[in-house]
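Step one of this worksheet: look at the structure below.
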Amino acid sequence: MEQLTTVPQDGTAEQGLIGSALQGKYTDIAASGVSEEHFFQLRYRALWKAICDLDRRGSPIDSKTVAHAAQSADNTSVQDVYECYEASPSAHNWSYFASILEEKRKARAVQEIAGKLADLASSGIEISRMVSEAESMIFALTERVATTRDETRRESFQRIVEALEDAHSGKQVGVPTGIRSLDKILGGLRGGQLITL
């Protein structure tokens with residue numbers, strides 16, 4: 001008897017995240033590392049791809065431009081765009097939706113490797129080779145779902161730029177050095193920094 005497996009997904013969170021992007025949070029969402037891989041349902045994956053394509057072309061990301069793009073995209077419609085927009089009560093909810101989709105993405109990755117390991121176990125190959133291949137799969141899985149790499153380079157760079165802009169505008173963001181001209185450039189000293197003068 002074959003066992004049916006439920007694929008980890010959350011269509012409501014997929015809708016909500018796209019809705020937040022349509023409401024002006026696309027840059028923050030993209031900077032957090034969200035990609036097509038976070039979307040399981042084809043229509044939301046297609047909408048995310050359309051949004052990313054608009055961004056690459058320098059077009060604004062809003063419900064009108066995405067609805068226009070949805071008309072020519074496969075697996076999606078204008079109705080999907082407006083349903084996504086309505087699914088996000090506030091653009092600021094994007095991190096909530098993104099965290100749900102990140103967990104579902106990781107669970108799908110684990111499920112995929114578990115299936116491959118089950119196939120490997122029943123393949124009849126030599127046990128030492130099976131163990132070696134299983135170790136490789138587990139290592140690749142660990143890299144794919146690692147939680148230690150929460151910030152992408154783009155997000156880190158964005159934080160640095162924001163901190164330097166705050167410092168330049170006179171906002172103190174760290175411990176003052178006592179040297180006004182240096183504090184205006186750096187905004188003070190912050191934890192985790194190494195500054196050599």
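Lettering and numbering for the structure tokens are positional, with chains as A, B, ... in the shown order, residues counted from 1 in each chain, and ligands counted from 1 in the shown order.
For stretch 40-56 of chain A, the list of residues within 8 Å, based on only C-alpha atoms and with local chain neighbours fewer than 4 positions off taken out, reads Gln9, Gly11, Glu14, Gln15, Ile18, Ser35, Glu36, Pro60, Ile61, Val66, Ala69, Ala70, Ala73, Asp74, Asn75, Thr76, Asp80 and Val81 of chain A.
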Which polymer residues have any atom within 8 Å of an atom of stretch 106-108 of chain A, counting only C-alpha atoms, with same-chain residues fewer than 3 positions away left out, as a VMD selection string? chain A and resid 7 to 8 102 to 103 111 to 112 144 to 145
In stretch 1-196 of chain A, what's alpha helix (DSSP H) per DSSP? Answer as a PyMOL selection string? chain A and resi 11-20+26-31+42-56+63-72+78-87+94-121+127-145+153-168+180-186
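Note that the spacing between atom CA of A:Ala109 and atom CA of A:Ile127 amounts to 24.1 Å.
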Just want the 10 Å neighbourhood of A:Ala91, counted on only C-alpha atoms, with same-chain residues fewer than 3 positions away dropped. Output as a ChimeraX atom specification. /A:16-26,85,88,94-95
Generate the output file for the selected residues, N, CA, C and O atoms, as an mmCIF file, in the first residue's frame.
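Everything below was put into part.cif:
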```cif
data_model
loop_
_atom_site.group_PDB
_atom_site.id
_atom_site.type_symbol
_atom_site.label_atom_id
_atom_site.label_comp_id
_atom_site.auth_asym_id
_atom_site.auth_seq_id
_atom_site.Cartn_x
_atom_site.Cartn_y
_atom_site.Cartn_z
ATOM 1 N N GLY A 16 -0.134 36.283 1.408
ATOM 2 C CA GLY A 16 0.160 37.437 2.258
ATOM 3 C C GLY A 16 1.501 38.065 1.962
ATOM 4 O O GLY A 16 1.640 39.287 1.970
ATOM 5 N N LEU A 17 2.512 37.230 1.689
ATOM 6 C CA LEU A 17 3.841 37.773 1.406
ATOM 7 C C LEU A 17 3.839 38.538 0.084
ATOM 8 O O LEU A 17 4.403 39.623 -0.012
ATOM 9 N N ILE A 18 3.172 37.990 -0.913
ATOM 10 C CA ILE A 18 3.070 38.705 -2.190
ATOM 11 C C ILE A 18 2.267 39.989 -1.992
ATOM 12 O O ILE A 18 2.624 41.040 -2.523
ATOM 13 N N GLY A 19 1.206 39.926 -1.188
ATOM 14 C CA GLY A 19 0.426 41.118 -0.886
ATOM 15 C C GLY A 19 1.269 42.203 -0.236
ATOM 16 O O GLY A 19 1.156 43.391 -0.573
ATOM 17 N N SER A 20 2.147 41.817 0.681
ATOM 18 C CA SER A 20 3.047 42.787 1.325
ATOM 19 C C SER A 20 4.004 43.399 0.315
ATOM 20 O O SER A 20 4.310 44.586 0.378
ATOM 21 N N ALA A 21 4.474 42.576 -0.629
ATOM 22 C CA ALA A 21 5.356 43.090 -1.687
ATOM 23 C C ALA A 21 4.608 44.111 -2.539
ATOM 24 O O ALA A 21 5.160 45.164 -2.892
ATOM 25 N N LEU A 22 3.355 43.827 -2.844
ATOM 26 C CA LEU A 22 2.540 44.742 -3.642
ATOM 27 C C LEU A 22 2.265 46.050 -2.898
ATOM 28 O O LEU A 22 2.041 47.084 -3.508
ATOM 29 N N GLN A 23 2.295 45.987 -1.572
ATOM 30 C CA GLN A 23 2.031 47.166 -0.749
ATOM 31 C C GLN A 23 3.288 47.948 -0.412
ATOM 32 O O GLN A 23 3.279 48.822 0.438
ATOM 33 N N GLY A 24 4.410 47.626 -1.078
ATOM 34 C CA GLY A 24 5.615 48.442 -0.935
ATOM 35 C C GLY A 24 6.773 47.824 -0.200
ATOM 36 O O GLY A 24 7.786 48.493 0.029
ATOM 37 N N LYS A 25 6.703 46.562 0.185
ATOM 38 C CA LYS A 25 7.778 45.940 0.956
ATOM 39 C C LYS A 25 8.630 44.964 0.151
ATOM 40 O O LYS A 25 9.377 44.178 0.731
ATOM 41 N N TYR A 26 8.561 45.041 -1.171
ATOM 42 C CA TYR A 26 9.318 44.093 -1.992
ATOM 43 C C TYR A 26 10.816 44.127 -1.673
ATOM 44 O O TYR A 26 11.452 43.079 -1.518
ATOM 45 N N TYR A 85 -3.158 40.968 -2.660
ATOM 46 C CA TYR A 85 -3.148 42.300 -2.065
ATOM 47 C C TYR A 85 -4.056 42.332 -0.842
ATOM 48 O O TYR A 85 -3.695 42.866 0.212
ATOM 49 N N SER A 88 -2.959 40.528 2.727
ATOM 50 C CA SER A 88 -2.014 41.134 3.660
ATOM 51 C C SER A 88 -2.672 42.338 4.326
ATOM 52 O O SER A 88 -2.833 43.375 3.698
ATOM 53 N N TRP A 94 5.000 41.441 6.493
ATOM 54 C CA TRP A 94 5.793 40.629 5.577
ATOM 55 C C TRP A 94 6.720 39.667 6.313
ATOM 56 O O TRP A 94 6.873 38.512 5.899
ATOM 57 N N SER A 95 7.335 40.101 7.419
ATOM 58 C CA SER A 95 8.287 39.219 8.111
ATOM 59 C C SER A 95 7.574 38.019 8.735
ATOM 60 O O SER A 95 8.145 36.923 8.813
#
```
Using only C-alpha atoms, which residues sit within 12 Å of A:Glu133 once same-chain residues fewer than 3 positions away are excluded, as an MDAnalysis selection string? chainID A and resid 113 116:117 119:121 125:130 136:140
Shell around A:Lys171 at 9 Å using only C-alpha atoms, local window under 3 positions removed, as a short mmCIF file (atom, residue, chain, number, x, y, z; two decimals) with C-alpha atoms, in the first residue's frame:
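Contents of the output file around_3.cif:
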```
data_model
loop_
_atom_site.label_atom_id
_atom_site.label_comp_id
_atom_site.auth_asym_id
_atom_site.auth_seq_id
_atom_site.Cartn_x
_atom_site.Cartn_y
_atom_site.Cartn_z
CA GLU A 165 23.34 57.63 6.51
CA ASP A 166 22.10 58.00 10.10
CA ALA A 167 25.61 58.94 11.23
CA HIS A 168 26.01 61.47 8.42
CA LYS A 184 29.75 62.20 12.32
CA GLY A 187 27.83 57.44 14.22
#
```
One decimal, Å: what's the distance from atom CA of A:Ser59 over to atom CA of A:Ser90, could you say?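 If I compute the distance from atom CA of A:Ser59 to atom CA of A:Ser90, I get 22.2 Å.
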